[in-house]
$ cat work-v5.cif   # mmCIF, C-alpha atoms
data_protein
loop_
_atom_site.label_atom_id
_atom_site.label_comp_id
_atom_site.auth_asym_id
_atom_site.auth_seq_id
_atom_site.Cartn_x
_atom_site.Cartn_y
_atom_site.Cartn_z
CA MET A 43 9.20 14.16 -91.67
CA GLN A 44 12.44 15.37 -90.11
CA ASN A 45 14.28 18.69 -89.91
CA PHE A 46 15.67 19.65 -93.30
CA THR A 47 17.81 22.34 -94.92
CA PHE A 48 17.75 23.43 -98.53
CA THR A 49 19.13 26.27 -100.65
CA GLY A 50 16.55 29.00 -101.05
CA PRO A 51 16.62 32.05 -103.30
CA TYR A 52 18.74 34.01 -100.79
CA GLY A 53 20.75 31.30 -99.06
CA ALA A 54 20.27 28.18 -96.98
CA ILE A 55 16.94 27.77 -95.19
CA GLU A 56 16.85 25.45 -92.18
CA CYS A 57 13.39 24.11 -91.41
CA ILE A 58 12.51 22.80 -87.95
CA VAL A 59 9.79 20.15 -88.04
CA ASN A 60 7.36 18.94 -85.39
CA SER A 61 6.14 15.68 -86.90
CA CYS A 62 2.62 14.36 -86.47
CA ALA A 63 2.21 10.65 -85.83
CA LYS A 64 -0.93 10.46 -87.96
CA ALA A 65 -0.55 9.10 -91.48
CA ASP A 66 -1.13 11.68 -94.23
CA ALA A 67 -1.34 14.53 -91.70
CA PRO A 68 -1.47 18.02 -93.24
CA VAL A 69 1.43 20.48 -92.94
CA LEU A 70 1.31 23.83 -91.16
CA ILE A 71 4.05 26.21 -92.35
CA MET A 72 4.71 29.15 -90.02
CA ALA A 73 6.14 32.50 -91.17
CA HIS A 74 7.51 34.83 -88.49
CA GLY A 75 7.11 38.58 -88.24
CA PHE A 76 9.28 41.66 -88.73
CA ARG A 77 12.65 41.13 -87.03
CA GLY A 78 11.26 37.96 -85.48
CA SER A 79 12.34 34.34 -85.59
CA ARG A 80 10.93 30.87 -86.05
CA ASP A 81 10.90 30.48 -82.24
CA GLY A 82 8.75 33.55 -81.61
CA GLY A 83 10.15 34.06 -78.13
CA GLY A 84 9.03 30.55 -77.30
CA ARG A 85 5.42 31.13 -78.34
CA ALA A 86 5.85 29.58 -81.79
CA VAL A 87 7.65 26.63 -80.20
CA GLU A 88 4.74 26.11 -77.81
CA LEU A 89 2.22 26.32 -80.63
CA ALA A 90 4.16 23.85 -82.78
CA ALA A 91 4.34 21.35 -79.93
CA GLY A 92 0.59 21.49 -79.43
CA ALA A 93 -0.36 21.49 -83.09
CA GLN A 94 1.67 18.40 -83.96
CA GLU A 95 -1.18 16.36 -82.51
CA CYS A 96 -3.02 16.87 -85.80
CA VAL A 97 -0.55 18.42 -88.29
CA ASN A 98 3.12 18.44 -89.15
CA VAL A 99 4.54 21.86 -88.29
CA VAL A 100 7.38 23.52 -90.22
CA ARG A 101 9.15 26.61 -88.83
CA PHE A 102 11.95 28.53 -90.52
CA ASN A 103 13.78 31.85 -90.43
CA PHE A 104 13.76 34.33 -93.26
CA ASN A 105 17.32 35.04 -94.38
CA GLY A 106 17.74 38.38 -92.67
CA SER A 107 15.89 40.43 -95.27
CA GLN A 108 12.82 42.34 -94.16
CA ILE A 109 11.82 43.07 -97.78
CA LEU A 110 8.35 41.63 -98.26
CA SER A 111 8.94 40.44 -101.85
CA ARG A 112 11.96 38.43 -100.74
CA GLN A 113 10.05 36.93 -97.85
CA ILE A 114 7.30 35.85 -100.23
CA GLU A 115 9.93 34.21 -102.45
CA GLU A 116 11.41 32.37 -99.49
CA LEU A 117 8.02 31.21 -98.24
CA GLN A 118 7.22 29.94 -101.74
CA ALA A 119 10.52 28.04 -101.70
CA VAL A 120 9.65 26.42 -98.35
CA ILE A 121 6.25 25.37 -99.73
CA THR A 122 7.95 23.82 -102.77
CA ALA A 123 10.43 21.96 -100.54
CA VAL A 124 7.62 20.61 -98.34
CA ARG A 125 5.67 19.43 -101.38
CA LYS A 126 8.71 17.50 -102.61
CA GLN A 127 9.07 15.76 -99.25
CA LEU A 128 5.36 15.21 -98.59
CA PRO A 129 3.49 15.24 -101.89
CA ASP A 130 -0.30 15.39 -101.88
CA ARG A 131 -0.53 16.75 -98.33
CA LYS A 132 -2.77 19.68 -97.48
CA ILE A 133 -0.72 22.77 -96.60
CA ILE A 134 -1.92 25.52 -94.29
CA LEU A 135 -0.01 28.76 -93.78
CA LEU A 136 0.27 30.68 -90.51
CA GLY A 137 1.77 34.16 -90.61
CA ARG A 138 2.63 36.30 -87.60
CA SER A 139 2.61 40.08 -88.08
CA LEU A 140 4.46 40.93 -91.33
CA GLY A 141 4.68 37.18 -91.91
CA GLY A 142 0.88 37.27 -92.04
CA ALA A 143 1.04 39.61 -95.02
CA ALA A 144 3.62 37.33 -96.64
CA ALA A 145 1.43 34.28 -95.99
CA LEU A 146 -1.72 35.94 -97.33
CA LEU A 147 -0.04 37.25 -100.48
CA THR A 148 1.69 33.92 -101.09
CA ALA A 149 -1.49 31.89 -100.62
CA SER A 150 -3.49 34.28 -102.80
CA GLN A 151 -1.27 33.16 -105.69
CA ASP A 152 -1.45 29.45 -104.83
CA GLU A 153 -4.91 27.90 -104.85
CA ASN A 154 -3.52 24.65 -103.45
CA ILE A 155 -2.92 26.24 -100.05
CA ALA A 156 -5.78 24.76 -98.01
CA GLY A 157 -6.17 27.40 -95.31
CA LEU A 158 -4.70 30.48 -93.69
CA ILE A 159 -4.09 31.73 -90.14
CA LEU A 160 -3.39 35.43 -89.62
CA TRP A 161 -1.79 36.18 -86.23
CA ALA A 162 -1.60 39.93 -85.48
CA ALA A 163 -1.39 40.49 -89.22
CA PRO A 164 -1.61 43.99 -90.72
CA ASN A 165 -4.00 45.26 -93.33
CA ASN A 166 -2.40 48.68 -93.87
CA LEU A 167 1.34 48.08 -94.14
CA ARG A 168 2.35 51.73 -94.30
CA ALA A 169 0.31 52.64 -91.20
CA THR A 170 1.74 49.64 -89.38
CA PHE A 171 5.34 50.66 -89.93
CA LEU A 172 4.65 54.29 -89.14
CA GLN A 173 3.50 53.00 -85.76
CA ALA A 174 6.33 50.46 -85.41
CA LEU A 175 9.18 52.81 -86.32
CA GLY A 176 7.82 56.10 -84.99
CA ARG A 177 7.14 59.09 -87.20
CA GLU A 178 10.69 60.50 -87.19
CA GLN A 179 12.37 57.29 -88.29
CA TYR A 180 9.56 56.41 -90.67
CA GLU A 181 9.86 59.77 -92.43
CA LEU A 182 13.64 59.40 -92.70
CA LEU A 183 13.21 55.97 -94.27
CA ASP A 184 10.50 57.27 -96.58
CA SER A 185 12.79 60.10 -97.70
CA GLY A 186 15.51 57.66 -98.77
CA VAL A 187 17.64 57.33 -95.62
CA THR A 188 18.77 53.87 -94.47
CA LEU A 189 17.94 53.25 -90.81
CA HIS A 190 20.29 51.43 -88.48
CA LEU A 191 18.20 49.67 -85.85
CA ALA A 192 19.91 48.26 -82.77
CA ASP A 193 18.13 46.83 -79.74
CA GLU A 194 17.55 43.58 -77.86
CA ARG A 195 16.55 41.91 -81.12
CA GLY A 196 19.92 42.68 -82.71
CA GLU A 197 21.08 45.07 -85.40
CA LEU A 198 19.50 45.77 -88.76
CA ASN A 199 20.05 48.17 -91.62
CA LEU A 200 16.58 48.92 -92.96
CA THR A 201 16.83 50.30 -96.47
CA PRO A 202 14.29 52.63 -98.12
CA ASP A 203 13.20 49.93 -100.57
CA PHE A 204 11.50 48.26 -97.61
CA LEU A 205 8.69 50.83 -97.98
CA THR A 206 8.67 51.08 -101.76
CA ASP A 207 8.45 47.29 -101.95
CA ILE A 208 5.34 47.02 -99.77
CA ASP A 209 3.68 49.55 -102.07
CA LYS A 210 3.62 46.82 -104.73
CA TYR A 211 1.02 44.87 -102.80
CA ASP A 212 -2.71 45.34 -102.29
CA VAL A 213 -3.77 43.44 -99.17
CA ASP A 214 -7.41 44.46 -99.62
CA ALA A 215 -7.47 43.01 -103.15
CA ALA A 216 -5.93 39.75 -101.97
CA LEU A 217 -8.60 39.43 -99.28
CA ARG A 218 -11.50 40.32 -101.60
CA SER A 219 -10.37 37.76 -104.17
CA TRP A 220 -9.78 34.99 -101.62
CA GLN A 221 -12.05 32.05 -102.43
CA HIS A 222 -13.28 28.84 -100.81
CA ARG A 223 -10.49 28.28 -98.28
CA PRO A 224 -11.07 28.92 -94.54
CA VAL A 225 -9.27 31.70 -92.69
CA LEU A 226 -8.64 32.14 -88.96
CA ILE A 227 -7.73 35.59 -87.61
CA LEU A 228 -6.28 36.21 -84.12
CA HIS A 229 -5.46 39.65 -82.78
CA GLY A 230 -4.85 41.45 -79.50
CA GLU A 231 -7.09 44.37 -78.70
CA ALA A 232 -4.13 46.05 -76.97
CA ASP A 233 -1.82 45.54 -79.95
CA GLU A 234 0.54 48.52 -79.90
CA THR A 235 1.92 47.91 -83.42
CA VAL A 236 -0.97 46.67 -85.56
CA ALA A 237 -4.21 48.25 -84.38
CA VAL A 238 -7.01 45.74 -83.89
CA ASN A 239 -9.20 47.59 -86.40
CA GLN A 240 -6.85 46.23 -89.08
CA ALA A 241 -7.86 42.69 -88.08
CA TYR A 242 -11.54 43.63 -88.28
CA ARG A 243 -10.97 45.04 -91.77
CA ASN A 244 -9.20 41.86 -92.86
CA PHE A 245 -12.14 39.85 -91.53
CA ALA A 246 -14.77 42.05 -93.19
CA LEU A 247 -13.15 41.79 -96.63
CA LEU A 248 -13.20 37.98 -96.64
CA ASN A 249 -16.23 36.27 -98.17
CA VAL A 250 -15.41 32.71 -97.10
CA LYS A 251 -15.66 30.47 -94.05
CA LYS A 252 -13.87 32.62 -91.48
CA GLU A 253 -13.32 33.10 -87.76
CA ILE A 254 -11.91 35.97 -85.75
CA HIS A 255 -10.79 35.86 -82.13
CA THR A 256 -9.59 38.95 -80.30
CA PHE A 257 -8.02 39.09 -76.85
CA PRO A 258 -8.83 42.08 -74.61
CA ASP A 259 -5.38 42.23 -73.00
CA GLY A 260 -3.45 40.90 -75.98
CA ASP A 261 -0.44 42.89 -77.14
CA HIS A 262 1.34 42.47 -80.48
CA SER A 263 3.36 39.51 -79.19
CA PHE A 264 0.41 37.84 -77.43
CA THR A 265 2.49 37.95 -74.25
CA CYS A 266 -0.38 37.03 -71.94
CA CYS A 267 -2.63 35.05 -74.28
CA SER A 268 -0.40 32.88 -76.48
CA SER A 269 -1.56 29.67 -74.81
CA GLU A 270 -5.20 30.57 -75.35
CA ALA A 271 -4.44 31.46 -78.97
CA ALA A 272 -2.63 28.15 -79.45
CA THR A 273 -5.66 26.26 -78.15
CA ILE A 274 -7.92 28.04 -80.64
CA ILE A 275 -5.50 27.35 -83.49
CA CYS A 276 -5.21 23.66 -82.66
CA ARG A 277 -8.98 23.31 -82.50
CA TRP A 278 -9.32 25.07 -85.88
CA LEU A 279 -6.61 22.89 -87.47
CA ARG A 280 -8.48 19.67 -86.67
CA GLN A 281 -10.82 20.33 -89.59
CA PHE A 282 -7.92 19.54 -91.94
CA ALA A 283 -6.79 16.34 -90.20
#
$ encode --input "work-v5.cif" --output "structure tokens"
Amino acid sequence: MQNFTFTGPYGAIECIVNSCAKADAPVLIMAHGFRGSRDGGGRAVELAAGAQECVNVVRFNFNGSQILSRQIEELQAVITAVRKQLPDRKIILLGRSLGGAAALLTASQDENIAGLILWAAPNNLRATFLQALGREQYELLDSGVTLHLADERGELNLTPDFLTDIDKYDVDAALRSWQHRPVLILHGEADETVAVNQAYRNFALLNVKKEIHTFPDGDHSFTCCSSEAATIICRWLRQFA
């Protein structure tokens, strides 16, 4: 399996592939977080390099939209493209932060997704973005004002439908209805954006084979524990190989 590009619902999607040498190896599709990228500051690249021992890894960028519904559509399109290239392979989804919500909600509608990894993924989306944006900006957005965000991650116009769109989704219901397939949860106890109690709630609502690993000094980006997290993920992925 090689890098590939296809036309998604909102433009071209370029997928970067770390290929596994094993015949019939499963596929891990990674979805990045809010204002993130497929590289994850190098952490996603490191994880992909390690995981390709037992799975093919596919990374991609969402097409600039932070709207959750659109990200779900794009993730579904990537899954469809992978299935065309590698039919009959097991597919596992890994979502980081908001990408975790996208991965969960996508997989909850697709029983052929074999497993799920939630990396610093939220349970309460409104509370998460109140924390991420700060109360003043959050309340402006919630009142109908478009926010212009500009920092080291670039510039973004965040429109009010970002919040009204996440109101369409019930993360708790998706977790309660999740059946059969294993789930791995990783979260930093020092996460400044998604409080660790959200990870514990996600874990508690699942009634399947599940694991949770928390990291005492882990922040939202897993700055000091990404290698440890990658080791845990690779060990967990071997059950699919």
$ resolve_selection --input "work-v5.cif" --expression "the PyMOL selection byres ((chain A and resi 121) around 12)" --output "JSON list (two decimals) with C-alpha atoms, in the coordinates of the input"
[["chain", "number", "residue", "atom", "x", "y", "z"],
["A", 48, "PHE", "CA", 17.75, 23.43, -98.53],
["A", 50, "GLY", "CA", 16.55, 29.00, -101.05],
["A", 55, "ILE", "CA", 16.94, 27.77, -95.19],
["A", 57, "CYS", "CA", 13.39, 24.11, -91.41],
["A", 69, "VAL", "CA", 1.43, 20.48, -92.94],
["A", 70, "LEU", "CA", 1.31, 23.83, -91.16],
["A", 71, "ILE", "CA", 4.05, 26.21, -92.35],
["A", 72, "MET", "CA", 4.71, 29.15, -90.02],
["A", 73, "ALA", "CA", 6.14, 32.50, -91.17],
["A", 100, "VAL", "CA", 7.38, 23.52, -90.22],
["A", 101, "ARG", "CA", 9.15, 26.61, -88.83],
["A", 102, "PHE", "CA", 11.95, 28.53, -90.52],
["A", 114, "ILE", "CA", 7.30, 35.85, -100.23],
["A", 115, "GLU", "CA", 9.93, 34.21, -102.45],
["A", 116, "GLU", "CA", 11.41, 32.37, -99.49],
["A", 117, "LEU", "CA", 8.02, 31.21, -98.24],
["A", 118, "GLN", "CA", 7.22, 29.94, -101.74],
["A", 119, "ALA", "CA", 10.52, 28.04, -101.70],
["A", 120, "VAL", "CA", 9.65, 26.42, -98.35],
["A", 122, "THR", "CA", 7.95, 23.82, -102.77],
["A", 123, "ALA", "CA", 10.43, 21.96, -100.54],
["A", 124, "VAL", "CA", 7.62, 20.61, -98.34],
["A", 125, "ARG", "CA", 5.67, 19.43, -101.38],
["A", 126, "LYS", "CA", 8.71, 17.50, -102.61],
["A", 127, "GLN", "CA", 9.07, 15.76, -99.25],
["A", 128, "LEU", "CA", 5.36, 15.21, -98.59],
["A", 129, "PRO", "CA", 3.49, 15.24, -101.89],
["A", 131, "ARG", "CA", -0.53, 16.75, -98.33],
["A", 132, "LYS", "CA", -2.77, 19.68, -97.48],
["A", 133, "ILE", "CA", -0.72, 22.77, -96.60],
["A", 134, "ILE", "CA", -1.92, 25.52, -94.29],
["A", 135, "LEU", "CA", -0.01, 28.76, -93.78],
["A", 145, "ALA", "CA", 1.43, 34.28, -95.99],
["A", 148, "THR", "CA", 1.69, 33.92, -101.09],
["A", 149, "ALA", "CA", -1.49, 31.89, -100.62],
["A", 152, "ASP", "CA", -1.45, 29.45, -104.83],
["A", 154, "ASN", "CA", -3.52, 24.65, -103.45],
["A", 155, "ILE", "CA", -2.92, 26.24, -100.05]]
$ residues_around --input "work-v5.cif" --residues "Asn98 (chain A)" --least-positions-apart "2" --cutoff "8 Å" --atoms "all atoms listed in the file" --output "ChimeraX atom specification"
/A:43,59-62,67-70,93-94,96,100
$ closest_residue --input "work-v5.cif" --among "A:Ala246, A:Leu89, A:Val187, A:Val97" --to "Glu270 (chain A)" --atoms "all atoms listed in the file"
A:Leu89
$ residues_near_point --input "work-v5.cif" --point "(0.1, 33.7, -90.1)" --cutoff "9 Å" --atoms "all atoms listed in the file" --output "VMD selection string"
chain A and resid 71 to 75 135 to 146 158 to 163 226 to 227
$ resolve_selection --input "work-v5.cif" --expression "the PyMOL selection byres ((chain A and resi 236-244) around 8)" --output "list in words"
Ser139, Ala162, Ala163, Pro164, Asn165, Asn166, Thr170, Gln173, Asp214, Leu217, Ile227, Leu228, His229, Gly230, Glu231, Ala232, Asp233, Glu234, Thr235, Phe245, Ala246, Leu247, Leu248 and His262 of chain A
$ residues_near_point --input "work-v5.cif" --point "(12.8, 49.6, -97.0)" --cutoff "9 Å" --atoms "all atoms listed in the file" --output "list in words"
Gln108, Ile109, Leu183, Asp184, Gly186, Thr188, Leu189, Leu200, Thr201, Pro202, Asp203, Phe204, Leu205, Thr206, Asp207 and Ile208 of chain A
$ closest_residue --input "work-v5.cif" --among "A:Val225, A:Ala283, A:Glu153, A:Glu88" --to "Asp66 (chain A)" --atoms "all atoms listed in the file"
A:Ala283
$ closest_residue --input "work-v5.cif" --among "A:Gln281, A:Glu178, A:Ile58, A:Ile274" --to "Asn45 (chain A)" --atoms "all atoms listed in the file"
A:Ile58
